[in-house]
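Contents: one structure, followed by commentary.
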There are 2 protein chains.
Amino acid sequence: MRERALRAIAECRQIAAMTEEPGRITRRFLTPPVHAVHAHLRRRMEALDMTTRVDAAGNLRGLWRPPNGNGKQFILGSHIDTVPDAGAFDGVLGVMLALECVELAQEAKLPLAIEAIAFSEEEGVRFGVPFIGSRAVAGRFDRALLALRDAEGVMLEDAIRAFGLDPAGVEQAALDDDAIGFLEMHIEQGPVLEAEGLSVAAVTVVVGQTRLTAEFQGWANHVGTTPMRLRRDALAGAAEWIGTVEAAARATEGLAATVGKIDATPNAANVIAGRVRVSLDVRHAHDAARTAAVQALLAQGEAIALRRGLAFQCARQMDQPAVPMDERLTRFLTDAMEATGFAARSMPSGAGHDAMVMAARLPAAVLFLRSPGGVSHHPEETVREMDVEAALQVAQSFLVRLAAEGR
Amino acid sequence: MRERALRAIAECRQIAAMTEEPGRITRRFLTPPVHAVHAHLRRRMEALDMTTRVDAAGNLRGLWRPPNGNGKQFILGSHIDTVPDAGAFDGVLGVMLALECVELAQEAKLPLAIEAIAFSEEEGVRFGVPFIGSRAVAGRFDRALLALRDAEGVMLEDAIRAFGLDPAGVEQAALDDDAIGFLEMHIEQGPVLEAEGLSVAAVTVVVGQTRLTAEFQGWANHVGTTPMRLRRDALAGAAEWIGTVEAAARATEGLAATVGKIDATPNAANVIAGRVRVSLDVRHAHDAARTAAVQALLAQGEAIALRRGLAFQCARQMDQPAVPMDERLTRFLTDAMEATGFAARSMPSGAGHDAMVMAARLPAAVLFLRSPGGVSHHPEETVREMDVEAALQVAQSFLVRLAAEGR
């Protein structure tokens, strides 16, 4: 299994060289290096006797049907697009591990058809909308998306054609009734497993997310001539609120609440800030807890503003419910961990993944691998061999369980 | 006196039309509209039988010598340069009031020579260094300043020549031993007099000022995947510090401490801020109080950073001691207020003025006029007729006192 882990890692590094920008890993949806990745993966798939195709949403799909199968298919995969200046493992590793799993299933003669999918688009970089590949596979692709334009003004519909595909066929990308479940293996992109000294974890739920922009409006005036008692300082108000956001999140189990963006106006050392806009991102596995937290934080923002003579307003950008992973598949994962000698750890995912979209269509699960340093979306993103090996051991045991229990 | 006040206001509005940018008041040091202002003021001065000149630093100077004088001169004036998109009264009003005072002195046959100065540069906009005009008059002009360059790369030395002056003569701009004192009338540029319902106040001291940039360095990571307990959030740290800055200033009489500028990196809603830079501006009339406050705030920054696993560092940009105004002249002002029926109010100035530079050379005083709405450096900057009239009444009484007591 160590050899498989090393091969998967080596292949990720090889695919990292297929990039839009020499010296940096940047591979956006339907850009030329995606052809190179497809060609590379196709060779691997064909060597595994898989039948391959690229669907109209640009997803590369390889299907292995065992001689002893019942026609039902299990789906494995992740995405091959990246953020700009990315690491080598976010997404791609899940595709390489899917192919290793196909071979493991073949060697074990599991009566399980497997479709391995290299999703075309997950990061949302090129068209500002994420999960375009998995939306099509899950039968959740809204044709209105075809009118999206990238930064160069190219419409998605035309980008699909330019890639050699026919946008009219996007509905045919959807899974049929033979699909019984989905497993994605993905790096954690966070520091939790590293902090606990663990290799892998099953994802219980992709947390819900609220994103909004809050604005404190005060009175811009000269810092030297305006005594403290006569100020209406928007930055002091925003800073107080940032403190309450952090305190609330620390006090509530499982809550993540973050102000990551702040813009002060006029943003000058000698002028009291007249207006400050901050972002608020709130995530929790339970929608009720998230909604209550957002409501409380907005009330605190209002109260801070009122006490300080500021105006407070907020514009909500996103309210996305939590998406639970399939309990049975997730239990297969934790059972597999125990069977292979690993701690049966499960955790929520604070970030979205293709599995979140797939879960709208069929039972879905995610296996996280430790992210050394918690680093992702960065050239220093990496994985440990032992963790990749662990993921393969767990996935193998998972597939055996799945084949034994059937649908 | 109401007529004089109305004329001074009307003249400020007329001079406001002499601008680099039609529709906005922008009149930087040694730019073409300054010639127009000089021509206008020269006509006024000559009508008052004053002898006029423009010194090598671009200051327009008009001298009135009474037949019954003793050769000693009192200096009145303010500046005629502006910030970009300025109001009509900051600086210019003090020049117009100086000319009204000359006429008042003439009518009262005061045995007092008066030099009225329209300082060429106070705001520091064009060359990044303020008080260039008053530095020359105070004999505090460092010749190294001649090598300063503006945003277009023009050297100050060449700008002086282009204006028709000889930079070699800058030393001759300095006051001689006949100068016995300086009074500047200037809008408050703050909300204190308005809050107290007062027209004018004497300035006791121009407060000292420390300006620095502080940086909190943490760990930029994904807001969804990094639990609160594993974060090193530079923005949360900076926000906590902004709170302590405000609290310290509120708790210390006369202290102004402000964070007006904040820059977070990467400044994205879905990334914990890895680095935040903030400005700190601290002002107090007593240098020891200011120094102690800065030291305490930096220690609190260090403590906050240490507790949060952040790095903290600071770069000091300015440490400027407080400049007391002359006690005798300031007492003349408050005595004049009482004598003319106004409250004898005095207050520190939180902003720098030409009088601060002049105080290094001779006894100096400042009379503040109420700023409606506390607004300055803005097109909506204005003055009330009653306050301009009050300033003239106080100034007249001040000059009578000065002439009576002599030097």
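In the structure tokens, chains take letters A, B, ... by order of appearance, with residues numbered from 1 within each chain and ligands from 1 in the order shown.
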Any idea which chain B residues end up within 6 Å of chain A if we count only C-alpha atoms, as a list of chain:residue names please?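 Here they are: B:Gly190, B:Gly224, B:Thr225, B:Thr226, B:Ala239, B:Gly260, B:Lys261, B:Asn267, B:Ala268, B:Ala269, B:Val271, B:Ile272, B:Ala273, B:Ser279, B:Gly350, B:Ala351.
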Preceding selection exported with N, CA, C and O atoms as an mmCIF file, in the first residue's frame:
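What follows is the written file result_15.cif:
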```cif
data_model
loop_
_atom_site.group_PDB
_atom_site.id
_atom_site.type_symbol
_atom_site.label_atom_id
_atom_site.label_comp_id
_atom_site.auth_asym_id
_atom_site.auth_seq_id
_atom_site.Cartn_x
_atom_site.Cartn_y
_atom_site.Cartn_z
ATOM 1 N N GLY B 190 -12.310 71.743 14.600
ATOM 2 C CA GLY B 190 -12.791 70.701 15.495
ATOM 3 C C GLY B 190 -14.132 71.124 16.061
ATOM 4 O O GLY B 190 -14.606 72.242 15.795
ATOM 5 N N GLY B 224 -13.183 28.462 7.263
ATOM 6 C CA GLY B 224 -14.078 27.328 7.501
ATOM 7 C C GLY B 224 -13.384 26.155 8.142
ATOM 8 O O GLY B 224 -14.001 25.410 8.900
ATOM 9 N N THR B 225 -12.125 25.974 7.854
ATOM 10 C CA THR B 225 -11.441 24.747 8.278
ATOM 11 C C THR B 225 -10.549 24.952 9.497
ATOM 12 O O THR B 225 -9.973 23.992 9.995
ATOM 13 N N THR B 226 -10.437 26.176 9.973
ATOM 14 C CA THR B 226 -9.555 26.440 11.110
ATOM 15 C C THR B 226 -10.402 26.781 12.334
ATOM 16 O O THR B 226 -10.970 27.873 12.413
ATOM 17 N N ALA B 239 -7.958 44.354 16.479
ATOM 18 C CA ALA B 239 -9.229 44.918 16.965
ATOM 19 C C ALA B 239 -9.193 45.081 18.478
ATOM 20 O O ALA B 239 -9.651 46.090 19.023
ATOM 21 N N GLY B 260 -6.622 55.296 12.819
ATOM 22 C CA GLY B 260 -7.448 55.786 11.718
ATOM 23 C C GLY B 260 -7.277 54.971 10.459
ATOM 24 O O GLY B 260 -8.116 54.983 9.570
ATOM 25 N N LYS B 261 -6.163 54.235 10.402
ATOM 26 C CA LYS B 261 -5.819 53.492 9.178
ATOM 27 C C LYS B 261 -5.601 52.031 9.538
ATOM 28 O O LYS B 261 -4.938 51.723 10.529
ATOM 29 N N ASN B 267 -6.985 40.204 3.446
ATOM 30 C CA ASN B 267 -8.223 41.002 3.392
ATOM 31 C C ASN B 267 -9.294 40.328 2.538
ATOM 32 O O ASN B 267 -9.836 40.933 1.613
ATOM 33 N N ALA B 268 -9.587 39.092 2.858
ATOM 34 C CA ALA B 268 -10.609 38.326 2.148
ATOM 35 C C ALA B 268 -11.576 37.751 3.168
ATOM 36 O O ALA B 268 -11.179 37.365 4.272
ATOM 37 N N ALA B 269 -12.862 37.699 2.799
ATOM 38 C CA ALA B 269 -13.897 37.257 3.731
ATOM 39 C C ALA B 269 -13.676 35.820 4.196
ATOM 40 O O ALA B 269 -14.056 35.464 5.305
ATOM 41 N N VAL B 271 -10.703 34.162 4.497
ATOM 42 C CA VAL B 271 -9.347 33.870 4.986
ATOM 43 C C VAL B 271 -9.112 34.647 6.280
ATOM 44 O O VAL B 271 -9.370 35.858 6.338
ATOM 45 N N ILE B 272 -8.659 33.946 7.316
ATOM 46 C CA ILE B 272 -8.272 34.613 8.561
ATOM 47 C C ILE B 272 -7.124 35.565 8.245
ATOM 48 O O ILE B 272 -6.176 35.183 7.562
ATOM 49 N N ALA B 273 -7.221 36.791 8.734
ATOM 50 C CA ALA B 273 -6.184 37.781 8.420
ATOM 51 C C ALA B 273 -4.842 37.329 8.975
ATOM 52 O O ALA B 273 -4.714 37.052 10.161
ATOM 53 N N SER B 279 -2.330 52.290 11.980
ATOM 54 C CA SER B 279 -1.668 53.519 12.394
ATOM 55 C C SER B 279 -2.037 53.816 13.833
ATOM 56 O O SER B 279 -3.095 53.415 14.310
ATOM 57 N N GLY B 350 -5.164 70.673 18.834
ATOM 58 C CA GLY B 350 -4.738 69.319 18.496
ATOM 59 C C GLY B 350 -4.082 69.229 17.133
ATOM 60 O O GLY B 350 -3.522 68.197 16.775
ATOM 61 N N ALA B 351 -4.160 70.299 16.376
ATOM 62 C CA ALA B 351 -3.542 70.312 15.047
ATOM 63 C C ALA B 351 -2.406 71.323 15.043
ATOM 64 O O ALA B 351 -2.392 72.265 15.824
#
```
Using backbone DSSP assignments, extract all helix (DSSP H, G or I) residues from range 301-363 of chain B; output them as a PyMOL selection string. chain B and resi 301-308+327-339+354-358
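Atom pair CA of Phe141 in chain A / CA of Glu122 in chain A: separated by 13.1 Å.
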Could you pull the residues within 8 Å of range 85-87 of chain B, counting only C-alpha atoms, minus those fewer than 5 positions along the same chain, as an mmCIF file with N, CA, C and O atoms, in the first residue's frame?
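Dumped everything to result29.cif:
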```
data_model
loop_
_atom_site.group_PDB
_atom_site.id
_atom_site.type_symbol
_atom_site.label_atom_id
_atom_site.label_comp_id
_atom_site.auth_asym_id
_atom_site.auth_seq_id
_atom_site.Cartn_x
_atom_site.Cartn_y
_atom_site.Cartn_z
ATOM 1 N N ALA B 16 -11.317 81.696 -2.925
ATOM 2 C CA ALA B 16 -11.564 80.269 -3.157
ATOM 3 C C ALA B 16 -11.663 79.949 -4.643
ATOM 4 O O ALA B 16 -11.375 78.826 -5.073
ATOM 5 N N ARG B 24 -13.320 72.915 -7.592
ATOM 6 C CA ARG B 24 -12.828 72.474 -6.286
ATOM 7 C C ARG B 24 -11.753 73.455 -5.832
ATOM 8 O O ARG B 24 -11.067 74.050 -6.658
ATOM 9 N N ILE B 25 -11.620 73.614 -4.514
ATOM 10 C CA ILE B 25 -10.590 74.512 -3.997
ATOM 11 C C ILE B 25 -9.334 73.681 -3.727
ATOM 12 O O ILE B 25 -9.308 72.857 -2.807
ATOM 13 N N THR B 26 -8.351 73.865 -4.571
ATOM 14 C CA THR B 26 -7.064 73.187 -4.398
ATOM 15 C C THR B 26 -5.999 74.192 -4.793
ATOM 16 O O THR B 26 -5.915 74.588 -5.956
ATOM 17 N N SER B 376 -13.655 70.732 8.565
ATOM 18 C CA SER B 376 -12.596 71.459 7.853
ATOM 19 C C SER B 376 -11.967 70.523 6.837
ATOM 20 O O SER B 376 -12.282 69.340 6.785
ATOM 21 N N HIS B 377 -11.093 71.082 6.013
ATOM 22 C CA HIS B 377 -10.464 70.292 4.933
ATOM 23 C C HIS B 377 -11.549 69.635 4.086
ATOM 24 O O HIS B 377 -11.419 68.487 3.680
ATOM 25 N N HIS B 378 -12.590 70.367 3.818
ATOM 26 C CA HIS B 378 -13.759 69.814 3.138
ATOM 27 C C HIS B 378 -14.513 70.998 2.526
ATOM 28 O O HIS B 378 -14.561 72.068 3.121
ATOM 29 N N PRO B 379 -15.116 70.807 1.345
ATOM 30 C CA PRO B 379 -15.834 71.927 0.715
ATOM 31 C C PRO B 379 -16.915 72.523 1.616
ATOM 32 O O PRO B 379 -17.259 73.695 1.463
ATOM 33 N N GLU B 380 -17.444 71.738 2.561
ATOM 34 C CA GLU B 380 -18.512 72.257 3.425
ATOM 35 C C GLU B 380 -18.001 73.065 4.618
ATOM 36 O O GLU B 380 -18.792 73.570 5.415
ATOM 37 N N GLU B 381 -16.693 73.162 4.745
ATOM 38 C CA GLU B 381 -16.099 74.000 5.794
ATOM 39 C C GLU B 381 -16.684 75.409 5.715
ATOM 40 O O GLU B 381 -16.782 75.974 4.639
ATOM 41 N N THR B 382 -17.041 75.954 6.871
ATOM 42 C CA THR B 382 -17.619 77.309 6.838
ATOM 43 C C THR B 382 -17.307 78.044 8.145
ATOM 44 O O THR B 382 -16.616 77.520 9.010
#
```
Taking only range 275-355 of chain B into account, list the residues labelled strand (DSSP E or B) by DSSP (computed from the backbone), as an MDAnalysis selection string. chainID B and resid 275:284 311:320 323:324 346:349
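Counting only C-alpha atoms, Glu302 in chain B has the following residues at most 7 Å away, ignoring those fewer than 4 positions along the same chain: B:Leu298, B:Leu306, B:Phe312.
Once range 63-78 of chain B and its same-chain neighbours fewer than 4 positions away are set aside, Met50, Thr51, Gly91, Gly94, Val95, Ala98, Pro111, Leu112, Ala113, Ile114, Glu115, Ala116, Ile117, Ala118, Phe119, Asp178, Ala179, Ile180, Gly181, Phe182, Leu183 and Glu184 of chain B remain within 6 Å of it when counting only C-alpha atoms.
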Dump of N, CA, C and O atoms for the selected residues, as an mmCIF file, in the first residue's frame:
```
data_model
loop_
_atom_site.group_PDB
_atom_site.id
_atom_site.type_symbol
_atom_site.label_atom_id
_atom_site.label_comp_id
_atom_site.auth_asym_id
_atom_site.auth_seq_id
_atom_site.Cartn_x
_atom_site.Cartn_y
_atom_site.Cartn_z
ATOM 1 N N MET B 50 0.259 99.855 2.878
ATOM 2 C CA MET B 50 1.285 98.923 3.341
ATOM 3 C C MET B 50 2.319 98.754 2.234
ATOM 4 O O MET B 50 2.006 98.829 1.050
ATOM 5 N N THR B 51 3.562 98.526 2.631
ATOM 6 C CA THR B 51 4.581 98.181 1.639
ATOM 7 C C THR B 51 4.594 96.660 1.524
ATOM 8 O O THR B 51 4.513 95.949 2.520
ATOM 9 N N GLY B 91 -6.942 78.879 6.948
ATOM 10 C CA GLY B 91 -5.776 79.666 6.557
ATOM 11 C C GLY B 91 -6.159 81.031 6.024
ATOM 12 O O GLY B 91 -5.875 82.060 6.649
ATOM 13 N N GLY B 94 -7.546 83.792 8.228
ATOM 14 C CA GLY B 94 -6.582 84.454 9.113
ATOM 15 C C GLY B 94 -5.855 85.584 8.410
ATOM 16 O O GLY B 94 -5.489 86.591 9.037
ATOM 17 N N VAL B 95 -5.651 85.448 7.100
ATOM 18 C CA VAL B 95 -4.998 86.512 6.328
ATOM 19 C C VAL B 95 -5.953 87.697 6.164
ATOM 20 O O VAL B 95 -5.574 88.863 6.358
ATOM 21 N N ALA B 98 -6.244 89.524 9.319
ATOM 22 C CA ALA B 98 -5.033 90.319 9.576
ATOM 23 C C ALA B 98 -5.157 91.679 8.891
ATOM 24 O O ALA B 98 -4.818 92.729 9.479
ATOM 25 N N PRO B 111 0.018 103.015 17.959
ATOM 26 C CA PRO B 111 1.431 103.215 17.619
ATOM 27 C C PRO B 111 2.138 101.881 17.418
ATOM 28 O O PRO B 111 3.140 101.583 18.065
ATOM 29 N N LEU B 112 1.568 101.065 16.496
ATOM 30 C CA LEU B 112 2.025 99.680 16.382
ATOM 31 C C LEU B 112 2.236 99.365 14.904
ATOM 32 O O LEU B 112 1.308 99.481 14.112
ATOM 33 N N ALA B 113 3.488 99.023 14.552
ATOM 34 C CA ALA B 113 3.721 98.542 13.182
ATOM 35 C C ALA B 113 3.182 97.120 13.088
ATOM 36 O O ALA B 113 3.299 96.342 14.033
ATOM 37 N N ILE B 114 2.561 96.817 11.961
ATOM 38 C CA ILE B 114 2.013 95.463 11.770
ATOM 39 C C ILE B 114 2.500 94.918 10.439
ATOM 40 O O ILE B 114 2.365 95.575 9.403
ATOM 41 N N GLU B 115 3.093 93.728 10.490
ATOM 42 C CA GLU B 115 3.371 93.014 9.244
ATOM 43 C C GLU B 115 2.317 91.935 9.101
ATOM 44 O O GLU B 115 2.164 91.090 9.998
ATOM 45 N N ALA B 116 1.583 91.994 7.998
ATOM 46 C CA ALA B 116 0.605 90.940 7.705
ATOM 47 C C ALA B 116 1.262 89.963 6.729
ATOM 48 O O ALA B 116 1.805 90.374 5.706
ATOM 49 N N ILE B 117 1.213 88.665 7.086
ATOM 50 C CA ILE B 117 1.878 87.668 6.232
ATOM 51 C C ILE B 117 0.852 86.644 5.735
ATOM 52 O O ILE B 117 0.072 86.089 6.521
ATOM 53 N N ALA B 118 0.883 86.421 4.418
ATOM 54 C CA ALA B 118 0.136 85.308 3.826
ATOM 55 C C ALA B 118 1.163 84.194 3.598
ATOM 56 O O ALA B 118 1.897 84.215 2.613
ATOM 57 N N PHE B 119 1.217 83.256 4.575
ATOM 58 C CA PHE B 119 2.234 82.201 4.472
ATOM 59 C C PHE B 119 1.975 81.335 3.237
ATOM 60 O O PHE B 119 0.822 81.024 2.904
ATOM 61 N N ASP B 178 13.170 93.529 15.052
ATOM 62 C CA ASP B 178 12.041 94.418 15.313
ATOM 63 C C ASP B 178 10.735 93.662 15.571
ATOM 64 O O ASP B 178 9.763 94.251 16.038
ATOM 65 N N ALA B 179 10.713 92.369 15.247
ATOM 66 C CA ALA B 179 9.471 91.597 15.401
ATOM 67 C C ALA B 179 9.279 91.235 16.871
ATOM 68 O O ALA B 179 10.192 90.709 17.514
ATOM 69 N N ILE B 180 8.118 91.548 17.414
ATOM 70 C CA ILE B 180 7.920 91.354 18.856
ATOM 71 C C ILE B 180 6.883 90.273 19.196
ATOM 72 O O ILE B 180 6.771 89.872 20.355
ATOM 73 N N GLY B 181 6.164 89.808 18.209
ATOM 74 C CA GLY B 181 5.171 88.783 18.533
ATOM 75 C C GLY B 181 4.346 88.429 17.307
ATOM 76 O O GLY B 181 4.409 89.118 16.278
ATOM 77 N N PHE B 182 3.580 87.337 17.436
ATOM 78 C CA PHE B 182 2.790 86.838 16.303
ATOM 79 C C PHE B 182 1.429 86.376 16.785
ATOM 80 O O PHE B 182 1.309 85.705 17.807
ATOM 81 N N LEU B 183 0.412 86.774 16.049
ATOM 82 C CA LEU B 183 -0.936 86.271 16.327
ATOM 83 C C LEU B 183 -1.526 85.686 15.046
ATOM 84 O O LEU B 183 -1.518 86.342 13.998
ATOM 85 N N GLU B 184 -2.018 84.449 15.181
ATOM 86 C CA GLU B 184 -2.696 83.809 14.055
ATOM 87 C C GLU B 184 -4.159 83.602 14.428
ATOM 88 O O GLU B 184 -4.465 83.118 15.521
#
```
When you draw a straight line from CA of Glu20 in chain B to CA of Arg126 in chain B, how long is it in Å? 12.4 Å
Would you kindly return, as a list in words, each protein, DNA or RNA residue with an atom no farther than 12 Å from any atom of Leu145 in chain B, considering only C-alpha atoms and excluding same-chain residues fewer than 5 positions away? Ala57, Phe127, Gly128, Val129, Pro130, Phe131, Ile132, Gly133, Arg135, Ala136, Arg140, Asp150, Met155, Leu156, Glu157, Asp158, Ala159, Ile160, Pro167 and Val170 of chain B
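Summary of the local environment: counting only C-alpha atoms, residues at most 12 Å from Ala36 in chain B, other than itself and those fewer than 2 positions away along its chain, are B:Gln14, B:Ile15, B:Ala16, B:Ala17, B:Met18, B:Thr19, B:Glu20, B:Arg27, B:Leu30, B:Thr31, B:Pro32, B:Pro33, B:Val34, B:His38, B:Ala39, B:His40, B:Leu41, B:Arg42, B:Arg43, B:Leu60, B:Ile80, B:Phe163.
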Counting only C-alpha atoms, the residue of A:Arg275, A:Arg370, A:Arg232, A:His186 that sits nearest Leu93 in chain A: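 Result for the nearest residue to Leu93 in chain A: A:His186.
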For CA of Ala403 in chain B and CA of Leu110 in chain B, the interatomic separation in Å (one decimal): 6.3 Å
